2 protein chains.
Amino acid sequence: MAELLKGKAVADALTEKNIETVGRLREAGVEPVLAIVRIGENPSDLSYERGALKRAEKTGVTVKQFIYDETIDQESFLNEIEKINDDDSIHGVLIFRPLPKHISDEAVRNTLVPEKDVDGITDGSLAGIFTGSHRGFAPCTARACMEIAAHSGIDFTGKKVAVLGRSLVIGKPVAMMAMEQNATVTTCHSRTGADEMKIICRESDIIIAAMGRAKMVDAEYAGEDQVFLDVGINVDENGNLCGDVDFEAVEPNAAMITPVPGGVGAITTAVLMLQTLEAAQRTVK
Amino acid sequence: MAELLKGKAVADALTEKNIETVGRLREAGVEPVLAIVRIGENPSDLSYERGALKRAEKTGVTVKQFIYDETIDQESFLNEIEKINDDDSIHGVLIFRPLPKHISDEAVRNTLVPEKDVDGITDGSLAGIFTGSHRGFAPCTARACMEIAAHSGIDFTGKKVAVLGRSLVIGKPVAMMAMEQNATVTTCHSRTGADEMKIICRESDIIIAAMGRAKMVDAEYAGEDQVFLDVGINVDENGNLCGDVDFEAVEPNAAMITPVPGGVGAITTAVLMLQTLEAAQRTVK
């Protein structure tokens with residue numbers, strides 16, 4: 001029987017810490033503010049936004065919403081981001097993506113300043129993760145994996161970590177973050193042989209699954225006493241939410257495992273607040 | 001008996017291609033120029049500079065040398081780099097490091113524009129490697145590993161690659177570059193257990209050794225029919241140059257191996273020219 005790593009406990013603990021930070025910031029005369037930038041009314045954006053607003057209220061972070069019609073042109077949108085860059089009252093910025101096709105994702109990412117990039121989308125943030133300079137911020141989901149591990153007393157030093165997936169949102173950054181904590185990291189991806197991926201996972205201490213393939217990580221990927229951090233959010237054959245890990249198959253021999261839903265995903269808004277507060281703290285001194 | 005991957009053959013082939021590129025650039029009215037920026041008279045800088053000058057002459061790349069006394073202050077030095085940034089006749093820049101202690105390495109790296117950063121030291125270059133956007137350029141030694149592999153017909157797709165070392169000059173970027181070519185990469189480092197590193201290397205198809213430990217990779221790290229790319233430059237117990245790989249111990253069962261000296265290190269100036277020409281090509285049209 002594995003220990004179940006529920007996101008809620010970690011999100012609550014982070015929020016408690018975040019509330020203390022808000023108090024200290026207010027004492028220093030800083031009112032922490034997150035800007036949420038959205039174009040259009042994508043249902044999954046709206047759903048995440050609701051969660052973020054709720055979490056912000058609980059934490060004491062003020063949210064300024066910047067909502068634009070889908071007809072906004074690129075120049076006007078970049079101007080809006082520049083205004084947010086220049087607004088000293090705003091500390092963190094979340095921009096919902098994907099953007100409409102007529103707006104260049106690259107242009108948007110290169111316009112936002114890394115210092116406010118609390119969801120880790122800019123080159124500055126990604127370079128900061130790659131080099132270890134920590135300019136900017138990590139993508140929230142990648143940081144959420146590290147926070148759930150830290151909360152659960154998992155020490156990465158000398159551990160073998162298999163990262164499944166090489167996206168910029170999770171696979172690549174979480175691999176760098178685990179390596180920074182002295183893990184030996186193998187990154188597997190769609191071009192890794194299926195048998196090889198199973199062997200690599202069986203031989204690893206910690207498996208971070210972010211391939212976006214429902215229940216791919218089954219008993220054949222599992223050794224003994226491993227930690228499974230499941231970043232996948234998929235829909236199974238019965239229409240239920242499930243992760244990249246086949247929970248029933250893997251859980252019996254695992255040491256720790258995150259559920260889906262209610263695991264890594266439940267922490268991301270708390271991490272968004274944490275990074276907004278870190279951005280605010282960097283402006284104090 | 002392993003195939004010996006000599007750097008000279010690769011450097012010659014690259015130089016031949018580079019000379020053709022110079023011809024095409026001249027037809028387009030572009031005279032390719034590399035700036036070499038050096039503070040003081042460090043013997044290893046001078047030695048590399050001599051090699052680069054010779055290679056540039058062979059290739060038809062003009063070198064402008066910017067040499068400063070060790071007393072130059074940071075502001076003046078950064079001003080010099082900004083002048084080089086603004087000089088449209090200069091396409092690539094090599095800055096010798098480490099810099100004198102009174103000059104911030106980070107400030108210098110963040111002053112140089114990634115578009116001219118043909119030795120891959122800026123955040124822009126490193127972000128480009130991490131994200132795959134290829135803004136800027138790779139560190140020359142990392143690119144040299146990939147060029148020697150390409151020249152030798154080594155296909156990374158689906159291969160298991162062990163990278164030993166996690167520096168920004170070689171380990172981290174070469175891991176990203178191998179992964180971009182669809183290898184499954186494990187990065188080992190000083191905090192990886194010794195026994196574990198041996199197992200990881202034995203099970204890999206390609207070993208890229210960049211730990212800076214003389215002859216560390218011995219028979220215990222070797223399987224059958226593997227490729228060894230040795231980036232180490234060390235001095236052995238007899239005062240002779242040697243790599244991170246124990247050549248005598250590993251060579252009998254290897255498929256391919258680079259010697260030290262005369263392997264990866266022999267290609268770096270040709271890569272420096274290649275990247276300078278790529279920078280020049282990006283300015284055309």
# chains A, B, ... in the order shown; residues from 1 in each chain; ligands from 1

call {"tool": "interface_residues", "arguments": {"of": "chain B", "to": "chain A", "cutoff": "6 Å", "atoms": "only C-alpha atoms", "output": "list in words"}}
result
Asp123, Ala127, Gly158, Asn182, Thr184, Val185, Thr186, Thr187, Cys188, Arg191 and Thr192 of chain B

call {"tool": "calpha_fit_and_write", "arguments": {"fixed": "chain B", "moving": "chain A", "output": "compact mmCIF listing (two decimals) with C-alpha atoms, in the first residue's frame"}}
result
# COMPACT_ATOMS: atom_id res chain seq x y z
CA MET A 1 39.31 -2.64 -32.22
CA ALA A 2 37.34 0.53 -32.18
CA GLU A 3 37.12 3.00 -35.02
CA LEU A 4 39.20 6.01 -34.03
CA LEU A 5 37.24 9.26 -34.42
CA LYS A 6 39.99 11.73 -35.11
CA GLY A 7 39.14 15.39 -34.84
CA LYS A 8 41.32 16.46 -37.71
CA ALA A 9 39.22 14.70 -40.36
CA VAL A 10 36.07 16.36 -39.01
CA ALA A 11 37.75 19.77 -38.70
CA ASP A 12 39.00 19.47 -42.29
CA ALA A 13 35.55 18.51 -43.58
CA LEU A 14 33.93 21.36 -41.66
CA THR A 15 36.53 23.80 -42.93
CA GLU A 16 35.93 22.72 -46.51
CA LYS A 17 32.21 23.38 -46.07
CA ASN A 18 32.98 26.65 -44.28
CA ILE A 19 35.16 27.84 -47.18
CA GLU A 20 32.25 27.26 -49.55
CA THR A 21 29.99 29.26 -47.24
CA VAL A 22 32.49 32.11 -47.15
CA GLY A 23 32.40 32.14 -50.97
CA ARG A 24 28.60 32.36 -51.00
CA LEU A 25 28.65 35.12 -48.36
CA ARG A 26 31.15 37.14 -50.37
CA GLU A 27 28.95 36.79 -53.43
CA ALA A 28 26.18 38.27 -51.31
CA GLY A 29 28.51 41.11 -50.34
CA VAL A 30 29.19 39.92 -46.79
CA GLU A 31 32.73 39.65 -45.42
CA PRO A 32 32.46 37.32 -42.38
CA VAL A 33 34.12 38.74 -39.27
CA LEU A 34 34.82 37.20 -35.86
CA ALA A 35 35.74 39.41 -32.91
CA ILE A 36 38.07 37.87 -30.35
CA VAL A 37 37.90 39.67 -27.02
CA ARG A 38 40.64 39.03 -24.49
CA ILE A 39 41.68 40.62 -21.21
CA GLY A 40 45.28 39.98 -20.19
CA GLU A 41 47.69 37.34 -21.44
CA ASN A 42 46.50 34.01 -19.99
CA PRO A 43 48.66 31.32 -21.68
CA SER A 44 45.74 28.99 -22.38
CA ASP A 45 43.77 31.90 -23.91
CA LEU A 46 46.76 32.76 -26.09
CA SER A 47 47.15 29.15 -27.17
CA TYR A 48 43.47 28.84 -28.16
CA GLU A 49 43.62 32.22 -29.87
CA ARG A 50 46.55 31.11 -32.02
CA GLY A 51 44.56 28.06 -33.09
CA ALA A 52 41.51 30.18 -33.86
CA LEU A 53 43.55 32.69 -35.89
CA LYS A 54 45.07 29.90 -37.94
CA ARG A 55 41.69 28.29 -38.53
CA ALA A 56 40.16 31.65 -39.44
CA GLU A 57 42.88 32.31 -42.00
CA LYS A 58 42.37 28.88 -43.56
CA THR A 59 38.63 29.48 -43.68
CA GLY A 60 38.66 33.04 -44.95
CA VAL A 61 37.11 34.57 -41.84
CA THR A 62 38.48 37.96 -40.83
CA VAL A 63 39.37 38.24 -37.14
CA LYS A 64 39.30 41.54 -35.25
CA GLN A 65 41.18 41.28 -31.98
CA PHE A 66 40.05 43.34 -29.00
CA ILE A 67 42.73 43.06 -26.35
CA TYR A 68 42.53 44.86 -23.02
CA ASP A 69 44.81 45.33 -20.08
CA GLU A 70 43.79 43.56 -16.87
CA THR A 71 43.19 46.94 -15.27
CA ILE A 72 40.19 47.71 -17.47
CA ASP A 73 37.15 48.44 -15.29
CA GLN A 74 33.79 46.76 -15.74
CA GLU A 75 31.94 49.74 -17.13
CA SER A 76 34.54 50.37 -19.81
CA PHE A 77 34.62 46.68 -20.73
CA LEU A 78 30.82 46.49 -21.03
CA ASN A 79 30.94 49.63 -23.19
CA GLU A 80 33.41 47.89 -25.47
CA ILE A 81 31.08 44.90 -25.82
CA GLU A 82 28.19 47.20 -26.59
CA LYS A 83 30.24 48.81 -29.33
CA ILE A 84 30.87 45.34 -30.77
CA ASN A 85 27.14 44.58 -30.52
CA ASP A 86 26.40 47.71 -32.53
CA ASP A 87 29.08 47.12 -35.16
CA ASP A 88 27.26 45.55 -38.10
CA SER A 89 30.55 44.47 -39.69
CA ILE A 90 31.11 41.96 -36.83
CA HIS A 91 29.11 38.71 -36.96
CA GLY A 92 30.51 36.53 -34.18
CA VAL A 93 32.17 37.24 -30.83
CA LEU A 94 34.42 35.04 -28.71
CA ILE A 95 35.12 36.41 -25.21
CA PHE A 96 37.82 34.63 -23.24
CA ARG A 97 36.75 33.63 -19.73
CA PRO A 98 37.25 33.40 -16.82
CA LEU A 99 37.39 37.20 -16.63
CA PRO A 100 39.37 39.10 -13.99
CA LYS A 101 37.57 39.00 -10.63
CA HIS A 102 36.54 42.66 -10.67
CA ILE A 103 34.44 42.13 -13.81
CA SER A 104 31.08 40.39 -13.41
CA ASP A 105 30.80 37.36 -15.65
CA GLU A 106 27.02 37.63 -15.52
CA ALA A 107 27.06 41.28 -16.59
CA VAL A 108 29.28 40.45 -19.55
CA ARG A 109 27.14 37.50 -20.59
CA ASN A 110 24.00 39.61 -20.41
CA THR A 111 25.55 42.44 -22.42
CA LEU A 112 26.59 40.43 -25.46
CA VAL A 113 23.72 39.95 -27.93
CA PRO A 114 22.81 36.27 -28.50
CA GLU A 115 22.84 36.85 -32.27
CA LYS A 116 26.65 37.28 -32.15
CA ASP A 117 27.26 34.84 -29.30
CA VAL A 118 29.03 32.14 -31.32
CA ASP A 119 30.45 30.43 -28.22
CA GLY A 120 27.10 30.05 -26.47
CA ILE A 121 27.65 31.98 -23.22
CA THR A 122 24.56 34.22 -23.07
CA ASP A 123 21.23 33.39 -21.48
CA GLY A 124 19.67 33.89 -24.91
CA SER A 125 21.87 31.21 -26.44
CA LEU A 126 21.29 28.81 -23.55
CA ALA A 127 17.54 29.39 -23.61
CA GLY A 128 17.66 28.72 -27.36
CA ILE A 129 19.27 25.34 -26.71
CA PHE A 130 16.86 24.51 -23.89
CA THR A 131 13.69 25.48 -25.77
CA GLY A 132 14.84 24.39 -29.22
CA SER A 133 14.27 27.88 -30.64
CA HIS A 134 17.98 28.10 -31.61
CA ARG A 135 18.23 31.76 -30.91
CA GLY A 136 21.96 32.30 -30.41
CA PHE A 137 24.46 29.44 -30.57
CA ALA A 138 25.67 26.38 -28.69
CA PRO A 139 28.94 26.34 -26.75
CA CYS A 140 31.54 25.25 -29.32
CA THR A 141 32.59 22.10 -27.45
CA ALA A 142 29.03 20.84 -27.18
CA ARG A 143 28.48 21.47 -30.88
CA ALA A 144 31.83 19.78 -31.61
CA CYS A 145 30.52 16.56 -30.03
CA MET A 146 27.46 16.65 -32.23
CA GLU A 147 29.51 17.44 -35.35
CA ILE A 148 31.96 14.57 -34.75
CA ALA A 149 28.99 12.24 -34.28
CA ALA A 150 27.24 13.48 -37.43
CA HIS A 151 30.46 13.18 -39.45
CA SER A 152 30.87 9.60 -38.22
CA GLY A 153 27.34 8.60 -39.22
CA ILE A 154 26.08 8.25 -35.67
CA ASP A 155 22.29 8.53 -35.48
CA PHE A 156 21.05 9.57 -32.03
CA THR A 157 17.40 8.60 -32.62
CA GLY A 158 16.26 6.13 -29.99
CA LYS A 159 19.80 5.72 -28.65
CA LYS A 160 20.62 5.66 -24.96
CA VAL A 161 23.12 8.42 -24.23
CA ALA A 162 24.97 8.90 -20.95
CA VAL A 163 26.28 12.43 -20.44
CA LEU A 164 28.83 12.61 -17.63
CA GLY A 165 28.95 16.15 -16.26
CA ARG A 166 26.38 18.92 -15.96
CA SER A 167 28.32 22.09 -16.78
CA LEU A 168 26.84 24.86 -18.90
CA VAL A 169 29.78 24.64 -21.26
CA ILE A 170 29.25 21.02 -22.22
CA GLY A 171 27.16 18.64 -20.08
CA LYS A 172 23.82 20.44 -19.98
CA PRO A 173 23.83 21.75 -23.58
CA VAL A 174 25.06 18.51 -25.15
CA ALA A 175 22.34 16.62 -23.25
CA MET A 176 19.71 18.94 -24.73
CA MET A 177 21.20 18.62 -28.22
CA ALA A 178 21.26 14.82 -28.04
CA MET A 179 17.67 14.82 -26.81
CA GLU A 180 16.66 17.13 -29.64
CA GLN A 181 18.02 14.44 -31.96
CA ASN A 182 15.69 12.00 -30.18
CA ALA A 183 18.17 10.25 -27.91
CA THR A 184 17.12 9.11 -24.44
CA VAL A 185 19.59 10.97 -22.28
CA THR A 186 20.75 10.33 -18.72
CA THR A 187 22.88 13.07 -17.19
CA CYS A 188 25.29 11.85 -14.51
CA HIS A 189 27.37 14.17 -12.31
CA SER A 190 29.48 14.38 -9.18
CA ARG A 191 26.53 13.43 -6.97
CA THR A 192 25.64 10.32 -8.97
CA GLY A 193 26.71 7.18 -7.11
CA ALA A 194 29.91 5.65 -8.56
CA ASP A 195 28.38 2.20 -9.01
CA GLU A 196 25.28 3.67 -10.53
CA MET A 197 27.27 5.70 -13.03
CA LYS A 198 29.07 2.54 -14.13
CA ILE A 199 25.78 0.72 -14.67
CA ILE A 200 24.28 3.65 -16.57
CA CYS A 201 27.35 3.84 -18.82
CA ARG A 202 27.46 0.08 -19.44
CA GLU A 203 23.82 0.19 -20.54
CA SER A 204 24.25 3.21 -22.84
CA ASP A 205 24.95 3.28 -26.57
CA ILE A 206 26.87 6.55 -26.49
CA ILE A 207 28.93 7.96 -23.61
CA ILE A 208 29.83 11.66 -23.62
CA ALA A 209 32.45 12.12 -20.91
CA ALA A 210 32.89 15.67 -19.56
CA MET A 211 33.62 15.28 -15.86
CA GLY A 212 37.18 16.54 -15.95
CA ARG A 213 38.53 13.44 -14.16
CA ALA A 214 41.54 11.79 -15.76
CA LYS A 215 40.80 8.28 -17.12
CA MET A 216 37.74 7.90 -14.87
CA VAL A 217 35.77 5.96 -17.48
CA ASP A 218 37.53 2.59 -17.37
CA ALA A 219 36.54 -0.98 -18.27
CA GLU A 220 33.92 -1.04 -15.50
CA TYR A 221 31.98 1.66 -17.36
CA ALA A 222 32.13 -0.14 -20.70
CA GLY A 223 29.74 -2.51 -22.40
CA GLU A 224 30.02 -3.73 -25.98
CA ASP A 225 30.03 -1.76 -29.24
CA GLN A 226 29.64 1.64 -27.64
CA VAL A 227 30.62 5.08 -28.84
CA PHE A 228 32.85 7.15 -26.52
CA LEU A 229 33.05 10.92 -27.07
CA ASP A 230 35.72 12.15 -24.70
CA VAL A 231 35.60 15.86 -23.85
CA GLY A 232 38.04 15.70 -20.93
CA ILE A 233 41.44 17.36 -21.12
CA ASN A 234 43.50 16.28 -18.14
CA VAL A 235 47.08 15.53 -17.26
CA ASP A 236 47.83 11.97 -16.21
CA GLU A 237 50.27 10.70 -13.56
CA ASN A 238 53.13 10.85 -16.07
CA GLY A 239 52.40 14.42 -17.07
CA ASN A 240 50.80 13.46 -20.38
CA LEU A 241 47.53 14.84 -21.72
CA CYS A 242 44.65 12.43 -21.33
CA GLY A 243 40.86 12.44 -21.44
CA ASP A 244 38.15 11.37 -19.01
CA VAL A 245 38.14 7.99 -20.72
CA ASP A 246 40.81 5.37 -20.01
CA PHE A 247 41.49 4.79 -23.69
CA GLU A 248 43.52 1.56 -23.36
CA ALA A 249 40.94 -0.02 -21.06
CA VAL A 250 37.87 0.90 -23.08
CA GLU A 251 38.98 0.83 -26.69
CA PRO A 252 39.09 -2.96 -27.26
CA ASN A 253 35.32 -3.46 -26.88
CA ALA A 254 34.21 -0.07 -28.17
CA ALA A 255 32.72 0.61 -31.59
CA MET A 256 34.08 4.15 -31.88
CA ILE A 257 36.18 6.37 -29.65
CA THR A 258 37.68 9.87 -29.79
CA PRO A 259 41.33 10.17 -28.77
CA VAL A 260 42.69 12.85 -26.39
CA PRO A 261 44.43 14.87 -27.65
CA GLY A 262 43.29 14.97 -31.25
CA GLY A 263 39.59 14.25 -30.75
CA VAL A 264 36.76 16.61 -29.79
CA GLY A 265 39.19 19.40 -28.88
CA ALA A 266 40.61 19.46 -32.40
CA ILE A 267 37.23 20.50 -33.82
CA THR A 268 36.30 23.46 -31.65
CA THR A 269 37.95 26.19 -33.74
CA ALA A 270 36.30 24.81 -36.88
CA VAL A 271 32.96 24.94 -35.05
CA LEU A 272 33.73 28.50 -33.97
CA MET A 273 34.12 29.41 -37.65
CA LEU A 274 31.00 27.44 -38.60
CA GLN A 275 28.92 29.33 -36.05
CA THR A 276 30.44 32.68 -37.06
CA LEU A 277 29.39 31.93 -40.63
CA GLU A 278 25.92 30.90 -39.48
CA ALA A 279 25.68 34.22 -37.64
CA ALA A 280 26.76 36.02 -40.82
CA GLN A 281 24.25 34.07 -42.90
CA ARG A 282 21.44 35.12 -40.59
CA THR A 283 22.21 38.75 -41.44
CA VAL A 284 21.76 38.07 -45.18
CA LYS A 285 18.39 37.54 -46.81

call {"tool": "select_by_dssp", "arguments": {"residues": "stretch 7-194 of chain A", "states": "alpha helix (DSSP H)", "output": "VMD selection string"}}
result
chain A and resid 7 to 27 43 to 59 74 to 86 105 to 111 123 to 131 140 to 151 171 to 180 194

call {"tool": "select_by_dssp", "arguments": {"residues": "stretch 2-128 of chain A", "states": "strand (DSSP E or B)", "output": "list in words"}}
result
Glu3, Leu4, Val33, Leu34, Ala35, Ile36, Val37, Arg38, Ile39, Thr62, Val63, Lys64, Gln65, Phe66, Ile67, Tyr68, Gly92, Val93, Leu94 and Ile95 of chain A
